[in-house]
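Dropping coords-v6.txt in here (compact mmCIF, C-alpha atoms):
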```txt
# COMPACT_ATOMS: atom_id res chain seq x y z
CA MET A 6 98.36 43.17 156.84
CA LYS A 7 98.47 46.97 156.82
CA GLN A 8 97.31 48.84 153.73
CA PRO A 9 100.07 50.50 151.66
CA ALA A 10 100.06 54.32 151.50
CA ARG A 11 99.51 54.06 147.76
CA PRO A 12 98.56 51.06 145.65
CA PHE A 13 101.33 48.55 145.09
CA LYS A 14 101.47 47.52 141.44
CA VAL A 15 103.34 44.45 140.21
CA ALA A 16 103.56 43.39 136.55
CA PHE A 17 104.62 40.04 135.20
CA ILE A 18 106.63 40.64 132.04
CA GLY A 19 107.94 38.36 129.34
CA SER A 20 107.17 36.89 125.97
CA HIS A 21 103.95 35.02 125.29
CA GLY A 22 103.53 31.49 126.57
CA VAL A 23 106.02 31.73 129.44
CA GLY A 24 103.63 31.41 132.37
CA LYS A 25 102.79 35.00 133.30
CA THR A 26 99.06 34.36 133.57
CA THR A 27 99.56 31.26 135.72
CA LEU A 28 101.82 33.26 138.04
CA CYS A 29 99.29 36.13 138.21
CA TYR A 30 96.49 33.83 139.31
CA GLY A 31 98.73 31.95 141.71
CA LEU A 32 100.00 35.14 143.33
CA ALA A 33 96.49 36.57 143.54
CA ALA A 34 95.23 33.44 145.30
CA ARG A 35 98.07 33.46 147.80
CA LEU A 36 97.76 37.18 148.56
CA LYS A 37 94.00 36.91 148.99
CA ALA A 38 94.62 34.04 151.43
CA SER A 39 96.79 36.54 153.36
CA ASP A 40 93.89 39.04 153.39
CA VAL A 41 95.42 41.38 150.80
CA PRO A 42 92.65 43.10 148.82
CA LEU A 43 93.73 43.16 145.19
CA GLU A 44 92.74 43.32 141.56
CA VAL A 45 94.23 41.41 138.63
CA VAL A 46 94.57 43.31 135.36
CA HIS A 47 94.19 40.60 132.77
CA GLU A 48 96.06 40.52 129.47
CA VAL A 49 94.10 42.82 127.17
CA ALA A 50 95.62 41.68 123.85
CA ARG A 51 93.33 38.65 123.84
CA ARG A 52 90.33 40.99 123.56
CA CYS A 53 91.82 43.25 120.90
CA PRO A 54 89.55 43.44 117.85
CA LEU A 55 92.56 44.20 115.65
CA PRO A 56 95.48 41.98 114.52
CA ILE A 57 97.96 40.82 117.16
CA ASN A 58 101.12 38.70 117.30
CA ARG A 59 103.25 39.03 114.14
CA ASP A 60 100.39 40.75 112.30
CA THR A 61 100.03 43.58 114.81
CA ASN A 62 100.12 47.21 113.74
CA VAL A 63 100.15 50.69 115.27
CA GLU A 64 96.37 50.81 115.65
CA ALA A 65 96.17 47.41 117.36
CA GLN A 66 98.98 48.17 119.78
CA SER A 67 97.56 51.63 120.51
CA TRP A 68 94.27 49.94 121.42
CA ILE A 69 96.12 47.44 123.63
CA LEU A 70 98.28 50.05 125.35
CA HIS A 71 95.43 52.45 126.07
CA THR A 72 93.08 49.69 127.21
CA GLN A 73 95.76 48.35 129.56
CA MET A 74 96.34 51.83 130.98
CA ALA A 75 92.62 52.36 131.55
CA GLU A 76 92.27 49.04 133.35
CA GLU A 77 95.32 49.72 135.52
CA LEU A 78 94.01 53.18 136.41
CA SER A 79 90.68 51.70 137.40
CA ALA A 80 92.31 48.96 139.48
CA VAL A 81 94.69 51.26 141.40
CA SER A 82 91.80 53.59 142.22
CA ARG A 83 89.96 50.77 144.01
CA TYR A 84 92.52 48.34 145.44
CA PRO A 85 95.71 48.60 147.52
CA ALA A 86 97.44 45.91 145.43
CA VAL A 87 97.27 45.37 141.67
CA ILE A 88 98.74 42.44 139.75
CA CYS A 89 99.19 42.99 136.01
CA ASP A 90 99.44 40.18 133.48
CA ARG A 91 101.94 42.15 131.35
CA SER A 92 103.22 45.70 131.54
CA LEU A 93 102.89 48.43 128.97
CA LEU A 94 106.47 47.79 127.84
CA ASP A 95 106.12 44.14 126.96
CA ASN A 96 102.97 44.95 125.00
CA TYR A 97 104.87 47.75 123.25
CA VAL A 98 107.68 45.35 122.30
CA TYR A 99 105.32 43.63 119.83
CA LEU A 100 104.88 46.98 118.10
CA LEU A 101 108.62 47.64 118.13
CA LEU A 102 109.14 44.36 116.31
CA ALA A 103 106.34 45.02 113.81
CA ALA A 104 106.76 48.72 113.05
CA GLY A 105 109.63 50.20 115.05
CA ALA A 106 109.55 52.92 117.68
CA GLN A 107 106.57 55.24 117.63
CA GLU A 108 107.31 58.89 118.41
CA THR A 109 103.93 59.49 120.05
CA LEU A 110 103.94 56.32 122.17
CA GLU A 111 107.56 56.32 123.39
CA PRO A 112 107.10 59.00 126.08
CA LEU A 113 103.83 57.42 127.18
CA VAL A 114 105.40 53.99 127.64
CA GLY A 115 108.49 55.46 129.32
CA THR A 116 106.46 57.45 131.82
CA TRP A 117 103.97 54.66 132.52
CA MET A 118 106.72 52.15 133.30
CA LYS A 119 107.58 54.24 136.37
CA SER A 120 104.16 53.41 137.83
CA TYR A 121 105.09 49.77 138.50
CA ASP A 122 106.54 48.99 141.91
CA LEU A 123 107.79 45.58 140.84
CA LEU A 124 108.48 44.05 137.44
CA VAL A 125 108.81 40.26 137.43
CA TYR A 126 110.57 38.96 134.35
CA VAL A 127 109.45 35.46 133.36
CA PRO A 128 111.96 33.73 131.03
CA VAL A 129 111.22 31.49 128.08
CA VAL A 130 111.37 27.88 129.24
CA GLU A 131 109.37 26.11 126.54
CA THR A 132 107.56 26.89 123.31
CA PRO A 133 104.05 28.28 123.65
CA SER A 134 101.22 25.78 123.46
CA PRO A 135 98.45 26.45 120.95
CA ASP A 136 95.52 28.26 122.55
CA GLY A 137 93.89 29.79 119.49
CA VAL A 138 95.23 33.28 120.24
CA ARG A 139 98.95 33.50 120.81
CA ALA A 140 101.60 32.75 118.22
CA THR A 141 103.24 29.34 118.59
CA ASP A 142 106.40 30.00 116.55
CA PRO A 143 109.34 29.60 118.97
CA SER A 144 111.54 31.98 116.94
CA PHE A 145 108.93 34.75 117.33
CA GLN A 146 108.63 33.98 121.05
CA ARG A 147 112.42 34.30 121.41
CA ALA A 148 112.48 37.51 119.32
CA VAL A 149 109.93 39.09 121.66
CA ASP A 150 111.91 37.93 124.68
CA LEU A 151 115.21 39.27 123.35
CA ARG A 152 113.74 42.66 122.40
CA LEU A 153 112.04 42.95 125.78
CA GLN A 154 115.34 42.33 127.55
CA GLU A 155 117.03 44.94 125.33
CA GLU A 156 114.31 47.48 126.15
CA LEU A 157 114.49 46.77 129.87
CA ASP A 158 118.26 47.30 129.81
CA ALA A 159 118.09 50.41 127.60
CA ARG A 160 115.48 51.96 129.89
CA ALA A 161 117.39 50.89 133.03
CA LEU A 162 114.32 49.23 134.51
CA ASP A 163 114.88 47.15 137.62
CA ARG A 164 113.18 43.77 137.69
CA LEU A 165 113.06 40.54 139.56
CA CYS A 166 114.39 37.95 137.10
CA LEU A 167 113.06 34.47 137.64
CA ALA A 168 115.59 31.74 136.84
CA ALA A 169 114.49 29.18 134.26
CA GLU A 170 116.03 26.34 136.26
CA ASN A 171 113.98 27.27 139.37
CA ARG A 172 110.55 27.22 137.73
CA ALA A 173 109.03 25.11 140.52
CA SER A 174 109.77 27.86 143.06
CA TRP A 175 108.82 30.93 140.98
CA LEU A 176 105.56 31.55 142.80
CA ASP A 177 107.19 31.17 146.22
CA GLU A 178 109.90 33.66 145.23
CA VAL A 179 107.48 36.27 143.92
CA GLU A 180 105.11 35.88 146.87
CA SER A 181 107.99 36.38 149.29
CA VAL A 182 109.13 39.58 147.56
CA VAL A 183 105.61 41.02 147.29
CA LEU A 184 104.70 40.27 150.91
CA ARG A 185 107.97 41.85 152.05
CA GLU A 186 107.16 44.98 150.01
CA LEU A 187 103.63 45.14 151.40
CA GLN A 188 104.80 44.90 155.06
```
Exercise: express the given structure as structure tokens:
Amino acid sequence: MKQPARPFKVAFIGSHGVGKTTLCYGLAARLKASDVPLEVVHEVARRCPLPINRDTNVEAQSWILHTQMAEELSAVSRYPAVICDRSLLDNYVYLLLAAGAQETLEPLVGTWMKSYDLLVYVPVVETPSPDGVRATDPSFQRAVDLRLQEELDARALDRLCLAAENRASWLDEVESVVLRELQ
């Protein structure tokens, strides 16, 4: 596989508990099997020392957004393909729900979203399972999902939307699109 002229960056987007992490690891394994050198940028919210989920605040989300940006910058400087378990926007949506738009972060998020070559929207299919970190309230999960969709539309961001009824073929669909883009 030829190396892209610039790093190709894909982000899985969606509410918590929808399968983004599973898809990230699955895609990474398949691409590595095709000899694509890559880095996975893991979800940073899990490492945030400040409140997350419904209890998040401006400081927590600023930490999350800036940490995510730093990790993405590091990854794209070293690898021709980068897979992100979330984008800046879906992290920012938690702040929008908790505290509304932030004048200082809006331009940052808007500009950064242009750095993704592919956004893969993962729909809510089931309620999140308890893992000790993410919120399990299905109404909160749906609120995040709805606000994310509103933000994607308002910002006119293109994305590959995975269909809930085709969950068994999600990984095949994403792999096909990514390999086509990398050719």
Check your understanding: Which residues, written as an NGL selection string, have at least one atom at most 12 Å from Gly24 (chain A), with all atoms listed in the file counted and residues fewer than 3 positions away on the same chain left out?
Key -> :A and (17-21 or 27-31 or 90-91 or 125-134 or 167 or 169 or 172-173 or 175-176)
Deliver the residues from the most recent selection as a file, using C-alpha atoms, as a JSON list (two decimals), in the frame of the given file.
```
[["chain", "number", "residue", "atom", "x", "y", "z"],
["A", 17, "PHE", "CA", 104.62, 40.04, 135.20],
["A", 18, "ILE", "CA", 106.63, 40.64, 132.04],
["A", 19, "GLY", "CA", 107.94, 38.36, 129.34],
["A", 20, "SER", "CA", 107.17, 36.89, 125.97],
["A", 21, "HIS", "CA", 103.95, 35.02, 125.29],
["A", 27, "THR", "CA", 99.56, 31.26, 135.72],
["A", 28, "LEU", "CA", 101.82, 33.26, 138.04],
["A", 29, "CYS", "CA", 99.29, 36.13, 138.21],
["A", 30, "TYR", "CA", 96.49, 33.83, 139.31],
["A", 31, "GLY", "CA", 98.73, 31.95, 141.71],
["A", 90, "ASP", "CA", 99.44, 40.18, 133.48],
["A", 91, "ARG", "CA", 101.94, 42.15, 131.35],
["A", 125, "VAL", "CA", 108.81, 40.26, 137.43],
["A", 126, "TYR", "CA", 110.57, 38.96, 134.35],
["A", 127, "VAL", "CA", 109.45, 35.46, 133.36],
["A", 128, "PRO", "CA", 111.96, 33.73, 131.03],
["A", 129, "VAL", "CA", 111.22, 31.49, 128.08],
["A", 130, "VAL", "CA", 111.37, 27.88, 129.24],
["A", 131, "GLU", "CA", 109.37, 26.11, 126.54],
["A", 132, "THR", "CA", 107.56, 26.89, 123.31],
["A", 133, "PRO", "CA", 104.05, 28.28, 123.65],
["A", 134, "SER", "CA", 101.22, 25.78, 123.46],
["A", 167, "LEU", "CA", 113.06, 34.47, 137.64],
["A", 169, "ALA", "CA", 114.49, 29.18, 134.26],
["A", 172, "ARG", "CA", 110.55, 27.22, 137.73],
["A", 173, "ALA", "CA", 109.03, 25.11, 140.52],
["A", 175, "TRP", "CA", 108.82, 30.93, 140.98],
["A", 176, "LEU", "CA", 105.56, 31.55, 142.80]]
```
> Pick from A:Ser67, A:Thr61, A:Gln146, A:Thr109: nearest to Gly22 (chain A), with all atoms listed in the file counted?
Replying inline: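 Among the listed residues, A:Gln146 lies closest to Gly22 (chain A).
Taking all atoms listed in the file into account, the residues near (108.9, 44.6, 141.2), no farther than 6 Å, are Val15, Asp122, Leu123, Leu124, Val125 and Arg164 of chain A.
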May I have the residues at most 12 Å from (98.2, 49.7, 125.6) in the file's coordinates, counting all atoms listed in the file, as a ChimeraX atom specification? /A:48-50,52-53,63-77,91-100,110-111,113-114,117-118
Correct to one decimal, the distance CA of Leu102 (chain A)-CA of Ala140 (chain A) is 14.0 Å
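Taking CA of Arg83 (chain A) as the reference point, CA of Leu165 (chain A) is found at 25.7 Å.
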Give the answer as one residue: which of A:Leu162, A:Ala34, A:Leu187, A:Arg51 has the shortest atom-to-atom distance to Ala86 (chain A), using all atoms listed in the file?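 Closest to Ala86 (chain A) of all the choices is A:Leu187.
If you measure from each of A:Leu55, A:Val182, A:Leu78, A:Leu101 to Glu155 (chain A) using only C-alpha atoms, the closest one turns out to be A:Leu101.
For the atom pair formed by CA of Ser120 (chain A) and CA of Asp60 (chain A), the distance is 28.7 Å, given to one decimal.
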